[in-house]
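Engineer: This is input_7.txt, which holds compact mmCIF, C-alpha atoms:
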```txt
# COMPACT_ATOMS: atom_id res chain seq x y z
CA MET A 7 -68.32 -55.86 -42.80
CA PRO A 8 -67.13 -59.35 -41.87
CA SER A 9 -66.97 -60.24 -38.19
CA SER A 10 -63.58 -60.75 -36.53
CA ASP A 11 -63.82 -64.55 -36.79
CA ASP A 12 -64.95 -64.76 -40.45
CA GLU A 13 -62.43 -66.51 -42.70
CA SER A 14 -63.26 -64.50 -45.83
CA GLY A 15 -64.80 -61.24 -47.00
CA ARG A 16 -61.95 -58.81 -46.40
CA GLY A 17 -60.33 -58.70 -49.85
CA LEU A 18 -61.96 -55.57 -51.22
CA LEU A 19 -61.91 -53.94 -47.79
CA LEU A 20 -58.12 -54.28 -47.80
CA VAL A 21 -57.94 -52.99 -51.38
CA ASP A 22 -60.05 -49.97 -50.38
CA VAL A 23 -57.82 -49.19 -47.39
CA LEU A 24 -54.50 -49.59 -49.23
CA ALA A 25 -55.31 -48.22 -52.69
CA ALA A 26 -55.40 -44.59 -53.78
CA ARG A 27 -57.90 -45.62 -56.49
CA TRP A 28 -59.49 -48.93 -57.44
CA GLY A 29 -62.31 -50.36 -59.50
CA VAL A 30 -64.00 -53.48 -60.82
CA ALA A 31 -64.75 -54.48 -64.41
CA PRO A 32 -66.60 -57.51 -65.77
CA ARG A 33 -64.52 -60.29 -67.31
CA VAL A 34 -65.98 -62.08 -70.31
CA PRO A 35 -67.24 -64.76 -70.35
CA ILE A 36 -67.36 -64.98 -66.53
CA GLY A 37 -65.90 -63.28 -63.50
CA LYS A 38 -64.51 -59.84 -62.74
CA VAL A 39 -61.22 -57.95 -62.76
CA VAL A 40 -60.24 -55.78 -59.81
CA TRP A 41 -57.62 -53.11 -60.46
CA ALA A 42 -55.89 -50.85 -57.94
CA GLU A 43 -53.38 -48.02 -57.81
CA VAL A 44 -51.27 -48.13 -54.65
CA ALA A 45 -48.98 -45.30 -53.49
CA MET A 46 -45.30 -46.12 -53.33
CA GLU A 47 -45.02 -44.92 -49.70
CA PRO A 48 -48.31 -45.16 -47.77
CA TRP A 49 -46.47 -45.02 -44.45
CA GLY A 50 -46.36 -42.10 -42.06
CA PRO A 51 -43.17 -40.33 -40.95
CA SER A 52 -42.63 -42.70 -38.01
CA GLY A 53 -43.14 -45.83 -40.14
CA GLU A 54 -46.78 -46.62 -39.32
CA PHE A 55 -49.54 -47.01 -41.88
CA ASN A 56 -51.83 -44.00 -41.57
CA MET A 57 -55.24 -45.70 -41.30
CA ILE A 58 -57.02 -42.60 -40.02
CA SER A 59 -56.30 -40.71 -43.26
CA LYS A 60 -58.04 -43.62 -45.03
CA GLY A 61 -61.11 -43.30 -42.81
CA ILE A 62 -60.37 -46.37 -40.64
CA PRO A 63 -60.84 -45.65 -36.91
CA ALA A 64 -57.93 -46.42 -34.60
CA LEU A 65 -58.34 -49.48 -32.39
```
Would you mind giving the structure from this file in structure tokens?

Structural biologist:
Amino acid sequence: MPSSDDESGRGLLLVDVLAARWGVAPRVPIGKVVWAEVAMEPWGPSGEFNMISKGIPAL
């Protein structure tokens, strides 16, 4: 987990929080492809993103 002042390292963390499903596949000849399926409405009834249902503790 990156520290609060790191400038990088949160990309896949954000994908994991926002996506219903995601994965990584190698890209030939070099690199990788990240795919994600994101719900159309990830927001709760009062308009907030429900981070607790994604396993992220409230601040």

Engineer: What does the distance between CA of Val23 in chain A and CA of Pro35 in chain A come to in Å, to one decimal place?

Structural biologist: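 Here the two named atoms are 29.3 Å from each other.
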
Engineer: Could you state the separation of CA of Trp28 in chain A and CA of Ser14 in chain A in Å, given to one decimal place?

Structural biologist: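 Atom-to-atom, CA of Trp28 in chain A to CA of Ser14 in chain A, that is 19.8 Å.
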
Engineer: Could you work out how far CA of Trp41 in chain A lies from CA of Leu24 in chain A, giving the answer in Å with one decimal?

Structural biologist: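 Straight-line distance from CA of Leu24 in chain A to CA of Trp41 in chain A works out to 12.2 Å.
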
Engineer: Put a box with edges along x, y and z around all the listed atoms of range 19-24 of chain A, pad it by 4 Å on each side, then give me its centre and sizes in Å, one decimal, as lines of an AutoDock Vina configuration file.

Structural biologist:
```
center_x = -58.2
center_y = -51.7
center_z = -49.4
size_x = 15.4
size_y = 13.1
size_z = 12.0
```

Engineer: My list of candidates is A:Ala45, A:Pro8, A:Val39, A:Glu13. Which is closest to Arg27 in chain A when distances are computed with all atoms listed in the file?

Structural biologist: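 Ranked by minimum distance to Arg27 in chain A, first place goes to A:Ala45.
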